[in-house]
>>> print(open('start.pdb').read())   # PDB, C-alpha atoms
ATOM      1  CA  MET J   1       8.606  -3.176   0.190
ATOM      2  CA  ALA J   2       9.614  -4.878   3.420
ATOM      3  CA  CYS J   3       9.894  -8.628   3.565
ATOM      4  CA  ALA J   4       6.641 -10.539   3.962
ATOM      5  CA  VAL J   5       5.221 -11.274   7.389
ATOM      6  CA  ALA J   6       6.079 -14.799   8.534
ATOM      7  CA  GLU J   7       3.207 -17.266   8.319
ATOM      8  CA  GLU J   8       3.033 -17.916  12.063
ATOM      9  CA  VAL J   9       3.007 -14.178  12.771
ATOM     10  CA  GLU J  10       0.302 -13.665  10.158
ATOM     11  CA  GLU J  11      -1.855 -16.127  12.091
ATOM     12  CA  MET J  12      -1.464 -14.000  15.232
ATOM     13  CA  LEU J  13      -2.376 -10.889  13.296
ATOM     14  CA  GLU J  14      -5.458 -12.630  11.952
ATOM     15  CA  LEU J  15      -6.548 -13.473  15.509
ATOM     16  CA  CYS J  16      -6.310  -9.745  16.275
ATOM     17  CA  GLY J  17      -8.408  -8.913  13.199
ATOM     18  CA  VAL J  18      -5.554  -7.060  11.475
ATOM     19  CA  SER J  19      -4.107  -9.581   9.041
ATOM     20  CA  THR J  20      -2.296  -8.345   5.945
ATOM     21  CA  PRO J  21      -5.127  -9.526   3.620
ATOM     22  CA  CYS J  22      -7.570  -7.599   5.850
ATOM     23  CA  LEU J  23      -5.475  -4.429   5.544
ATOM     24  CA  ARG J  24      -5.263  -4.760   1.786
ATOM     25  CA  SER J  25      -9.000  -5.336   1.485
ATOM     26  CA  CYS J  26      -9.672  -2.207   3.554
ATOM     27  CA  ALA J  27      -7.172  -0.249   1.452
ATOM     28  CA  LEU J  28      -9.080  -1.196  -1.698
ATOM     29  CA  LEU J  29     -12.377  -0.188  -0.079
ATOM     30  CA  GLU J  30     -10.860   3.136   0.956
ATOM     31  CA  GLU J  31      -9.543   3.760  -2.542
ATOM     32  CA  ARG J  32     -12.942   3.065  -4.037
ATOM     33  CA  MET J  33     -14.958   5.139  -1.558
ATOM     34  CA  ALA J  34     -12.582   7.970  -0.628
ATOM     35  CA  THR J  35     -11.789   9.296  -4.094
ATOM     36  CA  PRO J  36     -13.464  12.680  -4.676
ATOM     37  CA  GLY J  37     -15.024  13.379  -8.057
ATOM     38  CA  LYS J  38     -13.641  16.187 -10.192
ATOM     39  CA  ASP J  39     -16.524  18.492  -9.232
ATOM     40  CA  ALA J  40     -16.580  17.553  -5.561
ATOM     41  CA  GLU J  41     -16.942  20.338  -3.024
ATOM     42  CA  LEU J  42     -15.053  19.215   0.058
ATOM     43  CA  ILE J  43     -15.845  20.379   3.574
ATOM     44  CA  ALA J  44     -13.107  22.806   4.523
ATOM     45  CA  ASP J  45     -12.144  25.912   6.456
ATOM     46  CA  ALA J  46     -14.648  27.418   8.931
ATOM     47  CA  ARG J  47     -17.512  25.125   7.878
ATOM     48  CA  ARG J  48     -15.354  22.101   8.645
ATOM     49  CA  LEU J  49     -14.358  23.356  12.095
ATOM     50  CA  ALA J  50     -18.016  24.062  12.896
ATOM     51  CA  LEU J  51     -19.039  20.591  11.699
ATOM     52  CA  GLY J  52     -16.343  18.968  13.843
ATOM     53  CA  GLN J  53     -17.513  20.865  16.912
ATOM     54  CA  THR J  54     -21.150  19.961  16.258
ATOM     55  CA  LEU J  55     -20.255  16.290  15.922
ATOM     56  CA  ARG J  56     -18.207  16.343  19.141
ATOM     57  CA  PHE J  57     -21.099  17.735  21.166
ATOM     58  CA  LEU J  58     -23.626  15.399  19.556
ATOM     59  CA  VAL J  59     -21.424  12.344  20.127
ATOM     60  CA  SER J  60     -21.020  13.159  23.820
ATOM     61  CA  ALA J  61     -24.713  13.882  24.310
ATOM     62  CA  ILE J  62     -25.836  10.742  22.496
ATOM     63  CA  ALA J  63     -23.421   8.519  24.416
ATOM     64  CA  GLU J  64     -24.495   9.875  27.795
ATOM     65  CA  ARG J  65     -28.227   9.959  27.117
ATOM     66  CA  TRP J  66     -28.746   6.645  25.318
ATOM     67  CA  ALA J  67     -25.799   4.493  26.336
ATOM     68  CA  GLY J  68     -25.308   5.733  29.866
ATOM     69  CA  THR J  69     -21.555   5.851  29.276
ATOM     70  CA  SER J  70     -18.958   8.064  27.704
ATOM     71  CA  SER J  71     -16.142   5.616  26.937
ATOM     72  CA  ALA J  72     -13.255   7.668  25.567
ATOM     73  CA  VAL J  73     -12.380   5.071  22.931
ATOM     74  CA  CYS J  74     -16.009   4.801  21.797
ATOM     75  CA  LEU J  75     -16.399   8.566  21.497
ATOM     76  CA  GLN J  76     -13.092   9.005  19.657
ATOM     77  CA  LYS J  77     -13.950   6.271  17.183
ATOM     78  CA  LEU J  78     -17.455   7.598  16.536
ATOM     79  CA  TRP J  79     -16.160  11.125  15.924
ATOM     80  CA  PHE J  80     -13.449  10.000  13.485
ATOM     81  CA  ASP J  81     -15.875   7.679  11.681
ATOM     82  CA  SER J  82     -18.438  10.467  11.406
ATOM     83  CA  MET J  83     -16.003  13.037  10.044
ATOM     84  CA  HIS J  84     -14.708  10.604   7.430
ATOM     85  CA  LEU J  85     -18.203   9.629   6.349
ATOM     86  CA  CYS J  86     -19.153  13.306   6.042
ATOM     87  CA  ASP J  87     -16.103  13.849   3.808
ATOM     88  CA  ILE J  88     -17.135  11.007   1.521
ATOM     89  CA  LEU J  89     -20.725  12.213   1.367
ATOM     90  CA  ALA J  90     -19.647  15.781   0.547
ATOM     91  CA  ALA J  91     -17.374  14.455  -2.194
ATOM     92  CA  ARG J  92     -20.390  12.625  -3.606
ATOM     93  CA  GLY J  93     -22.475  15.765  -3.797
ATOM     94  CA  LEU J  94     -24.421  15.987  -0.530
ATOM     95  CA  ASP J  95     -25.012  19.608   0.436
ATOM     96  CA  PHE J  96     -23.173  20.369   3.670
ATOM     97  CA  ALA J  97     -23.309  24.094   2.980
ATOM     98  CA  HIS J  98     -27.004  24.420   3.910
ATOM     99  CA  ARG J  99     -27.991  21.199   5.713
ATOM    100  CA  ALA J 100     -24.851  20.420   7.696
ATOM    101  CA  THR J 101     -26.629  19.806  11.013
ATOM    102  CA  SER J 102     -29.240  17.454   9.516
ATOM    103  CA  HIS J 103     -26.605  15.450   7.667
ATOM    104  CA  ALA J 104     -24.229  15.319  10.644
ATOM    105  CA  THR J 105     -27.013  14.111  12.949
ATOM    106  CA  ALA J 106     -28.151  11.488  10.436
ATOM    107  CA  VAL J 107     -24.560  10.249   9.978
ATOM    108  CA  LEU J 108     -24.206   9.811  13.732
ATOM    109  CA  ARG J 109     -27.491   7.909  13.979
ATOM    110  CA  ILE J 110     -26.508   5.583  11.137
ATOM    111  CA  LEU J 111     -23.135   4.781  12.691
ATOM    112  CA  TRP J 112     -24.551   4.496  16.207
ATOM    113  CA  LYS J 113     -27.174   1.977  15.111
ATOM    114  CA  ALA J 114     -24.647   0.088  12.955
ATOM    115  CA  GLU J 115     -22.638  -0.681  16.104
ATOM    116  CA  ASP J 116     -25.708  -2.121  17.858
ATOM    117  CA  ALA J 117     -29.007  -2.758  16.064
ATOM    118  CA  THR J 118     -30.922  -2.520  19.366
ATOM    119  CA  ARG J 119     -30.092   1.168  19.725
ATOM    120  CA  THR J 120     -32.738   3.702  18.808
ATOM    121  CA  LEU J 121     -32.235   7.421  18.445
ATOM    122  CA  PRO J 122     -35.638   9.082  17.983
ATOM    123  CA  SER J 123     -35.656  11.952  15.532
ATOM    124  CA  GLY J 124     -37.527  14.210  17.955
ATOM    125  CA  CYS J 125     -34.871  13.799  20.650
ATOM    126  CA  LEU J 126     -32.047  14.370  18.181
ATOM    127  CA  SER J 127     -33.799  17.468  16.881
ATOM    128  CA  ALA J 128     -34.054  18.819  20.432
ATOM    129  CA  LEU J 129     -30.297  18.303  20.874
ATOM    130  CA  THR J 130     -29.536  20.262  17.719
ATOM    131  CA  GLU J 131     -31.811  23.050  18.975
ATOM    132  CA  VAL J 132     -29.710  23.284  22.135
ATOM    133  CA  LEU J 133     -26.473  23.323  20.119
ATOM    134  CA  TRP J 134     -27.858  26.024  17.820
ATOM    135  CA  ARG J 135     -28.907  28.232  20.754
ATOM    136  CA  HIS J 136     -25.384  27.988  22.167
ATOM    137  CA  GLY J 137     -23.803  28.879  18.831
ATOM    138  CA  VAL J 138     -22.303  25.430  18.182
ATOM    139  CA  ALA J 139     -24.507  24.201  15.326
ATOM    140  CA  ALA J 140     -25.067  26.296  12.213
ATOM    141  CA  GLU J 141     -28.813  25.641  12.385
ATOM    142  CA  PRO J 142     -31.235  23.295  14.205
ATOM    143  CA  ALA J 143     -32.465  20.173  12.436
ATOM    144  CA  LEU J 144     -36.165  19.289  12.317
ATOM    145  CA  PRO J 145     -37.132  15.619  12.828
ATOM    146  CA  GLU J 146     -38.290  15.293   9.221
ATOM    147  CA  ASP J 147     -34.998  16.826   8.021
ATOM    148  CA  ILE J 148     -33.013  14.193   9.927
ATOM    149  CA  ASP J 149     -35.127  11.361   8.490
ATOM    150  CA  SER J 150     -34.796  12.743   4.979
ATOM    151  CA  ALA J 151     -31.037  13.175   5.391
ATOM    152  CA  GLU J 152     -30.676   9.571   6.575
ATOM    153  CA  ARG J 153     -32.468   8.248   3.493
ATOM    154  CA  SER J 154     -30.318  10.416   1.223
ATOM    155  CA  ILE J 155     -27.119   9.260   2.911
ATOM    156  CA  LEU J 156     -27.930   5.553   2.675
ATOM    157  CA  HIS J 157     -28.830   5.954  -0.986
ATOM    158  CA  CYS J 158     -25.650   7.915  -1.656
ATOM    159  CA  LEU J 159     -23.487   5.220  -0.014
ATOM    160  CA  GLY J 160     -25.328   2.304  -1.594
ATOM    161  CA  TRP J 161     -25.742   1.019   1.989
ATOM    162  CA  GLN J 162     -21.959   0.670   2.330
ATOM    163  CA  ILE J 163     -22.007   2.070   5.857
ATOM    164  CA  TRP J 164     -18.718   0.875   7.344
ATOM    165  CA  LEU J 165     -15.582   2.567   6.066
ATOM    166  CA  PRO J 166     -12.086   2.505   7.621
ATOM    167  CA  SER J 167     -11.498   5.893   9.236
ATOM    168  CA  LEU J 168      -8.241   7.279  10.596
ATOM    169  CA  HIS J 169      -9.094   5.839  14.015
ATOM    170  CA  TRP J 170      -9.476   2.346  12.524
ATOM    171  CA  TRP J 171      -6.176   2.536  10.637
ATOM    172  CA  LEU J 172      -4.291   3.847  13.665
ATOM    173  CA  ALA J 173      -5.697   1.082  15.869
ATOM    174  CA  ALA J 174      -4.863  -1.559  13.231
ATOM    175  CA  PHE J 175      -1.292  -0.323  12.753
ATOM    176  CA  PHE J 176      -0.680  -0.149  16.508
ATOM    177  CA  SER J 177      -2.029  -3.692  16.981
ATOM    178  CA  ARG J 178       0.263  -4.976  14.244
ATOM    179  CA  LEU J 179       3.196  -3.057  15.712
ATOM    180  CA  ARG J 180       2.731  -4.753  19.088
ATOM    181  CA  VAL J 181       2.530  -8.248  17.605
ATOM    182  CA  LEU J 182       5.507  -7.737  15.297
ATOM    183  CA  ALA J 183       7.625  -6.244  18.098
ATOM    184  CA  ARG J 184       6.998  -9.288  20.293
ATOM    185  CA  GLU J 185       8.119 -11.590  17.517
ATOM    186  CA  ARG J 186      11.100  -9.673  16.142
ATOM    187  CA  LEU J 187      12.716  -7.751  19.009
ATOM    188  CA  ALA J 188      14.761  -8.920  21.959
ATOM    189  CA  ALA J 189      13.073  -8.655  25.354
ATOM    190  CA  ALA J 190      14.810  -5.414  26.352
ATOM    191  CA  GLU J 191      14.106  -3.783  23.001
ATOM    192  CA  GLU J 192      10.465  -4.874  23.072
ATOM    193  CA  ALA J 193      10.115  -3.423  26.584
ATOM    194  CA  GLU J 194      11.536  -0.108  25.351
ATOM    195  CA  LEU J 195       9.005   0.012  22.523
ATOM    196  CA  ALA J 196       6.141  -1.074  24.796
ATOM    197  CA  ALA J 197       6.976   1.727  27.245
ATOM    198  CA  ALA J 198       6.730   4.265  24.438
ATOM    199  CA  MET J 199       3.424   2.956  23.048
ATOM    200  CA  PRO J 200       0.945   4.889  25.278
ATOM    201  CA  GLN J 201       2.599   8.231  24.523
ATOM    202  CA  LEU J 202       2.962   7.238  20.875
ATOM    203  CA  TRP J 203      -0.785   6.549  20.630
ATOM    204  CA  GLN J 204      -1.802   9.734  22.452
ATOM    205  CA  HIS J 205       0.441  11.884  20.284
ATOM    206  CA  SER J 206      -0.716  10.220  17.039
ATOM    207  CA  TYR J 207      -4.355  10.561  18.075
ATOM    208  CA  ALA J 208      -4.020  14.223  19.054
ATOM    209  CA  ILE J 209      -2.292  15.233  15.823
ATOM    210  CA  GLY J 210      -4.694  13.073  13.804
ATOM    211  CA  ALA J 211      -7.691  14.786  15.377
ATOM    212  CA  ALA J 212      -6.213  18.216  14.584
ATOM    213  CA  VAL J 213      -5.613  17.220  10.960
ATOM    214  CA  VAL J 214      -9.069  15.677  10.463
ATOM    215  CA  ALA J 215     -10.725  18.721  12.031
ATOM    216  CA  ARG J 216      -9.191  20.941   9.348
ATOM    217  CA  ALA J 217      -8.689  18.916   6.162
ATOM    218  CA  ALA J 218     -10.720  16.353   4.224
ATOM    219  CA  SER J 219      -9.215  12.872   4.487
ATOM    220  CA  LEU J 220      -9.663  11.986   0.839
ATOM    221  CA  GLY J 221      -7.466  11.217  -2.153
ATOM    222  CA  PRO J 222      -3.740  11.262  -1.339
ATOM    223  CA  ALA J 223      -4.535  12.297   2.252
ATOM    224  CA  ALA J 224      -6.906   9.370   2.850
ATOM    225  CA  PRO J 225      -6.903   7.837   6.363
ATOM    226  CA  ARG J 226      -4.488   4.968   5.624
ATOM    227  CA  ALA J 227      -1.704   7.298   4.479
ATOM    228  CA  LEU J 228      -2.316   9.703   7.351
ATOM    229  CA  ALA J 229      -2.177   6.860   9.889
ATOM    230  CA  ALA J 230       1.092   5.524   8.463
ATOM    231  CA  GLY J 231       2.637   8.990   8.557
ATOM    232  CA  LEU J 232       1.430   9.646  12.103
ATOM    233  CA  LEU J 233       2.859   6.355  13.354
ATOM    234  CA  ALA J 234       6.234   6.944  11.687
ATOM    235  CA  LEU J 235       6.536  10.541  12.923
ATOM    236  CA  GLY J 236       5.545   9.346  16.380
ATOM    237  CA  CYS J 237       8.367   6.789  16.304
ATOM    238  CA  VAL J 238      10.783   9.595  15.401
ATOM    239  CA  ARG J 239       9.501  11.789  18.227
ATOM    240  CA  ALA J 240       9.885   8.889  20.690
ATOM    241  CA  GLY J 241      13.483   8.293  19.609
ATOM    242  CA  LEU J 242      12.765   4.914  18.025
ATOM    243  CA  LEU J 243      13.649   6.033  14.488
ATOM    244  CA  PRO J 244      16.117   8.602  13.167
ATOM    245  CA  LEU J 245      14.484  11.532  11.408
ATOM    246  CA  HIS J 246      16.514  11.031   8.236
ATOM    247  CA  GLY J 247      15.279   7.435   8.033
ATOM    248  CA  ILE J 248      11.823   8.538   6.856
ATOM    249  CA  ARG J 249      12.753  11.674   4.916
ATOM    250  CA  PRO J 250      10.885  11.920   1.596
ATOM    251  CA  GLU J 251      13.232  11.935  -1.384
ATOM    252  CA  ARG J 252      11.734  15.210  -2.623
ATOM    253  CA  LEU J 253      13.022  17.185   0.398
ATOM    254  CA  GLY J 254      16.451  18.185   1.549
ATOM    255  CA  ALA J 255      17.542  17.353   5.083
ATOM    256  CA  ALA J 256      17.275  20.928   6.386
ATOM    257  CA  ASP J 257      13.737  21.489   5.055
ATOM    258  CA  TRP J 258      12.634  18.116   6.391
ATOM    259  CA  GLU J 259      13.969  18.879   9.870
ATOM    260  CA  GLN J 260      12.168  22.230   9.874
ATOM    261  CA  VAL J 261       8.841  20.758   8.750
ATOM    262  CA  CYS J 262       8.972  17.974  11.334
ATOM    263  CA  ALA J 263       9.976  20.330  14.140
ATOM    264  CA  ARG J 264       6.940  22.518  13.427
ATOM    265  CA  ALA J 265       4.611  19.553  12.923
ATOM    266  CA  VAL J 266       5.463  17.188  15.791
ATOM    267  CA  GLY J 267       7.809  19.128  18.041
ATOM    268  CA  SER J 268      11.276  18.159  19.146
ATOM    269  CA  ALA J 269      12.357  14.566  18.654
ATOM    270  CA  THR J 270      14.413  12.417  20.999
ATOM    271  CA  ALA J 271      17.793  11.658  19.474
ATOM    272  CA  CYS J 272      17.910   8.175  17.966
ATOM    273  CA  PRO J 273      21.344   6.668  17.332
ATOM    274  CA  ALA J 274      21.595   4.745  14.078
ATOM    275  CA  GLY J 275      22.080   1.067  14.707
ATOM    276  CA  ALA J 276      20.533  -2.362  14.734
ATOM    277  CA  LEU J 277      17.465  -1.348  16.753
ATOM    278  CA  ALA J 278      16.653   1.605  14.489
ATOM    279  CA  ALA J 279      16.984  -0.632  11.425
ATOM    280  CA  GLU J 280      14.730  -3.257  12.994
ATOM    281  CA  VAL J 281      12.106  -0.668  13.982
ATOM    282  CA  ALA J 282      12.135   0.627  10.395
ATOM    283  CA  GLN J 283      11.505  -2.914   9.159
ATOM    284  CA  ILE J 284       8.706  -3.455  11.682
ATOM    285  CA  LEU J 285       7.145  -0.129  10.690
ATOM    286  CA  GLN J 286       7.004  -1.233   7.058
ATOM    287  CA  LEU J 287       5.425  -4.550   8.026
ATOM    288  CA  ALA J 288       2.962  -2.906  10.424
ATOM    289  CA  THR J 289       1.736  -0.501   7.731
ATOM    290  CA  ASP J 290       2.188  -2.928   4.805
ATOM    291  CA  SER J 291       4.110  -0.168   3.020
ATOM    292  CA  SER J 292       7.560   0.490   1.610
ATOM    293  CA  LEU J 293       9.812   2.916   3.457
ATOM    294  CA  GLY J 294       9.450   5.318   0.535
ATOM    295  CA  ALA J 295       5.655   5.234   0.863
ATOM    296  CA  VAL J 296       5.954   5.809   4.620
ATOM    297  CA  GLY J 297       8.158   8.848   3.931
ATOM    298  CA  GLU J 298       5.572  10.284   1.538
ATOM    299  CA  ALA J 299       2.887   9.685   4.175
ATOM    300  CA  CYS J 300       5.007  11.613   6.694
ATOM    301  CA  TRP J 301       5.242  14.487   4.213
ATOM    302  CA  LEU J 302       1.440  14.585   3.892
ATOM    303  CA  VAL J 303       0.976  14.624   7.657
ATOM    304  CA  ALA J 304       3.662  17.251   8.217
ATOM    305  CA  LEU J 305       2.004  19.650   5.772
ATOM    306  CA  ALA J 306      -1.478  18.959   7.120
ATOM    307  CA  VAL J 307      -0.682  19.663  10.777
ATOM    308  CA  PRO J 308      -1.985  23.178  11.551
ATOM    309  CA  ASP J 309       1.328  24.451  12.963
ATOM    310  CA  ALA J 310       3.061  23.572   9.701
ATOM    311  CA  LEU J 311       0.700  25.483   7.444
ATOM    312  CA  LEU J 312       2.916  28.586   7.396
ATOM    313  CA  LEU J 313       5.668  26.561   5.732
ATOM    314  CA  ARG J 314       3.460  25.102   3.033
ATOM    315  CA  ALA J 315       3.918  27.843   0.407
ATOM    316  CA  ARG J 316       7.711  28.045   0.675
ATOM    317  CA  LEU J 317       8.191  24.278   0.655
ATOM    318  CA  HIS J 318       5.777  23.825  -2.217
ATOM    319  CA  ALA J 319       7.810  26.300  -4.249
ATOM    320  CA  ALA J 320      11.021  24.517  -3.286
ATOM    321  CA  VAL J 321       9.867  21.096  -4.488
ATOM    322  CA  GLN J 322       7.853  22.258  -7.510
ATOM    323  CA  PRO J 323      10.757  22.028  -9.997
ATOM    324  CA  MET J 324      11.364  18.442  -8.912
ATOM    325  CA  ASN J 325       7.809  17.509  -9.874
ATOM    326  CA  ASN J 326       8.017  18.930 -13.423
TER     327      ASN J 326
END
>>> encode(input="start.pdb", output="structure tokens")
Amino acid sequence: MACAVAEEVEEMLELCGVSTPCLRSCALLEERMATPGKDAELIADARRLALGQTLRFLVSAIAERWAGTSSAVCLQKLWFDSMHLCDILAARGLDFAHRATSHATAVLRILWKAEDATRTLPSGCLSALTEVLWRHGVAAEPALPEDIDSAERSILHCLGWQIWLPSLHWWLAAFFSRLRVLARERLAAAEEAELAAAMPQLWQHSYAIGAAVVARAASLGPAAPRALAAGLLALGCVRAGLLPLHGIRPERLGAADWEQVCARAVGSATACPAGALAAEVAQILQLATDSSLGAVGEACWLVALAVPDALLLRARLHAAVQPMNN
């Protein structure tokens, strides 16, 4: 584990709402809520892609009709939160095979109202939206008003009214906020400016890959949002030339396999010379994610295998590392 965050820096992180105790509390909540039962049926494959598309259209329509805005950050957050909540609900036994549209619409209404208690989303209007999506082949089926109301009651009961859960969007935003604060405190001015210049592209790349992963795979268990966010941030630093690729290689993989997986998952990386800056960025990365470098490497492995372009390598690499796990 990296050294502890200095007390004065921890105070700055607390002002940003991303203190280390806050991260650890959210990690415990994630562990408790995002662990699938042994008989859980997770949302995967074609059904998952259809659900993601339905949620995207519903999020946009709801934002424009009832909020009069379509803030990109708001829409991204709501979509990620909704997908994660659907994963947790499916793992707890809610039937997304036959009532996916009703449950997806109810999840969105719950989260939308949780952000602002003054918001109202009438069931009749939501039902009409699902009818439009169904006619255009986006939703699997329309949702009647009474189906949406029933689904909302079932969801709240299933969650025990624990509505807020840290999604991949929340973890990415938290890690990036911590990265900025830690860079200001630990890097020289020129080095901090170099990192700051890379941050917009780093965020966009992490978000885009994260959205592709969430659209195709349940973010539960080992691939829960916190681990995915840590892996995305680290791989993004490699791609931006802030970290050497070998610096985050999981112990289970050889250098050649690791280079191949990362090339397929995140594209070509800018060369990063080993040196003081790379070592300092590695330390900051551990502090930002509150993880050891070994844990960050394992998170990178999870992300690399989950990215759609890397799926063709999964079988061969799994066979290669299997003896090491026995």
>>> closest_residue(input="start.pdb", among="J:Pro222, J:Pro142, J:Gly297, J:Gly17", to="Cys262 in chain J", atoms="only C-alpha atoms")
J:Gly297
>>> closest_atom_pairs(input="start.pdb", of="range 127-181 of chain J", to="range 25-35 of chain J", cutoff="9 Å", atoms="only C-alpha atoms", output="CSV")
residue,atom,partner,partner_atom,distance
J:Leu159,CA,J:Met33,CA,8.7
J:Leu165,CA,J:Glu30,CA,7.0
J:Pro166,CA,J:Cys26,CA,6.7
J:Ser167,CA,J:Glu30,CA,8.8
>>> write_last_selection(input="start.pdb", atoms="C-alpha atoms", output="JSON list (two decimals), keeping the file's coordinate frame")
[["chain", "number", "residue", "atom", "x", "y", "z"],
["J", 159, "LEU", "CA", -23.49, 5.22, -0.01],
["J", 165, "LEU", "CA", -15.58, 2.57, 6.07],
["J", 166, "PRO", "CA", -12.09, 2.50, 7.62],
["J", 167, "SER", "CA", -11.50, 5.89, 9.24]]
>>> residues_around(input="start.pdb", residues="range 154-157 of chain J", least_positions_apart="5", cutoff="8 Å", atoms="all atoms listed in the file", output="PyMOL selection string")
chain J and resi 89+103+106-107+162-163
>>> resolve_selection(input="start.pdb", expression="the PyMOL selection byres ((chain J and resi 81) around 9)", output="list of chain:residue names")
J:Gln76, J:Lys77, J:Leu78, J:Trp79, J:Phe80, J:Ser82, J:Met83, J:His84, J:Leu85, J:Cys86, J:Leu108, J:Leu111, J:Trp164, J:Leu165, J:Pro166, J:Ser167, J:Leu168, J:His169, J:Trp170
>>> axis_aligned_box(input="start.pdb", around="range 132-145 of chain J", padding_each_side="3 Å", output="JSON")
{"center_x": -29.7, "center_y": 22.2, "center_z": 17.2, "size_x": 20.8, "size_y": 19.3, "size_z": 16.0}
>>> closest_residue(input="start.pdb", among="J:Leu182, J:Leu58, J:Ile248, J:Ala227", to="Glu11 in chain J", atoms="all atoms listed in the file")
J:Leu182
>>> resolve_selection(input="start.pdb", expression="the PyMOL selection byres ((chain J and resi 126) around 12)", output="NGL selection string")
:J and (57-59 or 61-62 or 65-66 or 101-109 or 120-125 or 127-133 or 142-149)
>>> atom_distance(input="start.pdb", atom1="CA of Ala140 in chain J", atom2="CA of Ala217 in chain J")
19.0 Å
>>> decode(input="start.pdb", residues="range 151-164 of chain J", atoms="N, CA, C and O atoms", output="PDB file, in the first residue's frame")
ATOM      1  N   ALA J 151     -43.333  -2.018 -10.271  1.00  0.00           N
ATOM      2  CA  ALA J 151     -41.885  -2.244 -10.326  1.00  0.00           C
ATOM      3  C   ALA J 151     -41.154  -1.350  -9.331  1.00  0.00           C
ATOM      4  O   ALA J 151     -40.205  -1.786  -8.666  1.00  0.00           O
ATOM      5  N   GLU J 152     -41.614  -0.115  -9.182  1.00  0.00           N
ATOM      6  CA  GLU J 152     -40.963   0.801  -8.226  1.00  0.00           C
ATOM      7  C   GLU J 152     -41.087   0.283  -6.801  1.00  0.00           C
ATOM      8  O   GLU J 152     -40.115   0.301  -6.033  1.00  0.00           O
ATOM      9  N   ARG J 153     -42.263  -0.205  -6.441  1.00  0.00           N
ATOM     10  CA  ARG J 153     -42.450  -0.756  -5.092  1.00  0.00           C
ATOM     11  C   ARG J 153     -41.550  -1.976  -4.875  1.00  0.00           C
ATOM     12  O   ARG J 153     -40.930  -2.120  -3.809  1.00  0.00           O
ATOM     13  N   SER J 154     -41.483  -2.830  -5.887  1.00  0.00           N
ATOM     14  CA  SER J 154     -40.637  -4.031  -5.771  1.00  0.00           C
ATOM     15  C   SER J 154     -39.168  -3.667  -5.618  1.00  0.00           C
ATOM     16  O   SER J 154     -38.433  -4.277  -4.833  1.00  0.00           O
ATOM     17  N   ILE J 155     -38.730  -2.664  -6.365  1.00  0.00           N
ATOM     18  CA  ILE J 155     -37.327  -2.250  -6.318  1.00  0.00           C
ATOM     19  C   ILE J 155     -36.964  -1.675  -4.955  1.00  0.00           C
ATOM     20  O   ILE J 155     -35.927  -2.024  -4.372  1.00  0.00           O
ATOM     21  N   LEU J 156     -37.799  -0.803  -4.431  1.00  0.00           N
ATOM     22  CA  LEU J 156     -37.515  -0.194  -3.125  1.00  0.00           C
ATOM     23  C   LEU J 156     -37.488  -1.256  -2.031  1.00  0.00           C
ATOM     24  O   LEU J 156     -36.650  -1.210  -1.119  1.00  0.00           O
ATOM     25  N   HIS J 157     -38.384  -2.216  -2.129  1.00  0.00           N
ATOM     26  CA  HIS J 157     -38.392  -3.302  -1.140  1.00  0.00           C
ATOM     27  C   HIS J 157     -37.128  -4.147  -1.274  1.00  0.00           C
ATOM     28  O   HIS J 157     -36.506  -4.528  -0.264  1.00  0.00           O
ATOM     29  N   CYS J 158     -36.741  -4.428  -2.507  1.00  0.00           N
ATOM     30  CA  CYS J 158     -35.562  -5.252  -2.754  1.00  0.00           C
ATOM     31  C   CYS J 158     -34.288  -4.586  -2.219  1.00  0.00           C
ATOM     32  O   CYS J 158     -33.391  -5.247  -1.694  1.00  0.00           O
ATOM     33  N   LEU J 159     -34.210  -3.266  -2.346  1.00  0.00           N
ATOM     34  CA  LEU J 159     -33.023  -2.519  -1.906  1.00  0.00           C
ATOM     35  C   LEU J 159     -33.059  -2.155  -0.433  1.00  0.00           C
ATOM     36  O   LEU J 159     -32.055  -1.674   0.102  1.00  0.00           O
ATOM     37  N   GLY J 160     -34.196  -2.384   0.223  1.00  0.00           N
ATOM     38  CA  GLY J 160     -34.328  -1.926   1.606  1.00  0.00           C
ATOM     39  C   GLY J 160     -34.211  -0.415   1.702  1.00  0.00           C
ATOM     40  O   GLY J 160     -33.706   0.116   2.694  1.00  0.00           O
ATOM     41  N   TRP J 161     -34.639   0.287   0.662  1.00  0.00           N
ATOM     42  CA  TRP J 161     -34.601   1.746   0.556  1.00  0.00           C
ATOM     43  C   TRP J 161     -33.172   2.309   0.528  1.00  0.00           C
ATOM     44  O   TRP J 161     -32.961   3.487   0.746  1.00  0.00           O
ATOM     45  N   GLN J 162     -32.198   1.457   0.284  1.00  0.00           N
ATOM     46  CA  GLN J 162     -30.820   1.921   0.085  1.00  0.00           C
ATOM     47  C   GLN J 162     -30.676   2.291  -1.388  1.00  0.00           C
ATOM     48  O   GLN J 162     -30.260   1.501  -2.224  1.00  0.00           O
ATOM     49  N   ILE J 163     -31.062   3.535  -1.708  1.00  0.00           N
ATOM     50  CA  ILE J 163     -31.170   3.939  -3.109  1.00  0.00           C
ATOM     51  C   ILE J 163     -29.820   4.317  -3.697  1.00  0.00           C
ATOM     52  O   ILE J 163     -29.473   3.919  -4.806  1.00  0.00           O
ATOM     53  N   TRP J 164     -29.029   5.107  -2.943  1.00  0.00           N
ATOM     54  CA  TRP J 164     -27.762   5.574  -3.520  1.00  0.00           C
ATOM     55  C   TRP J 164     -26.692   4.502  -3.402  1.00  0.00           C
ATOM     56  O   TRP J 164     -26.468   3.937  -2.332  1.00  0.00           O
TER      57      TRP J 164
END
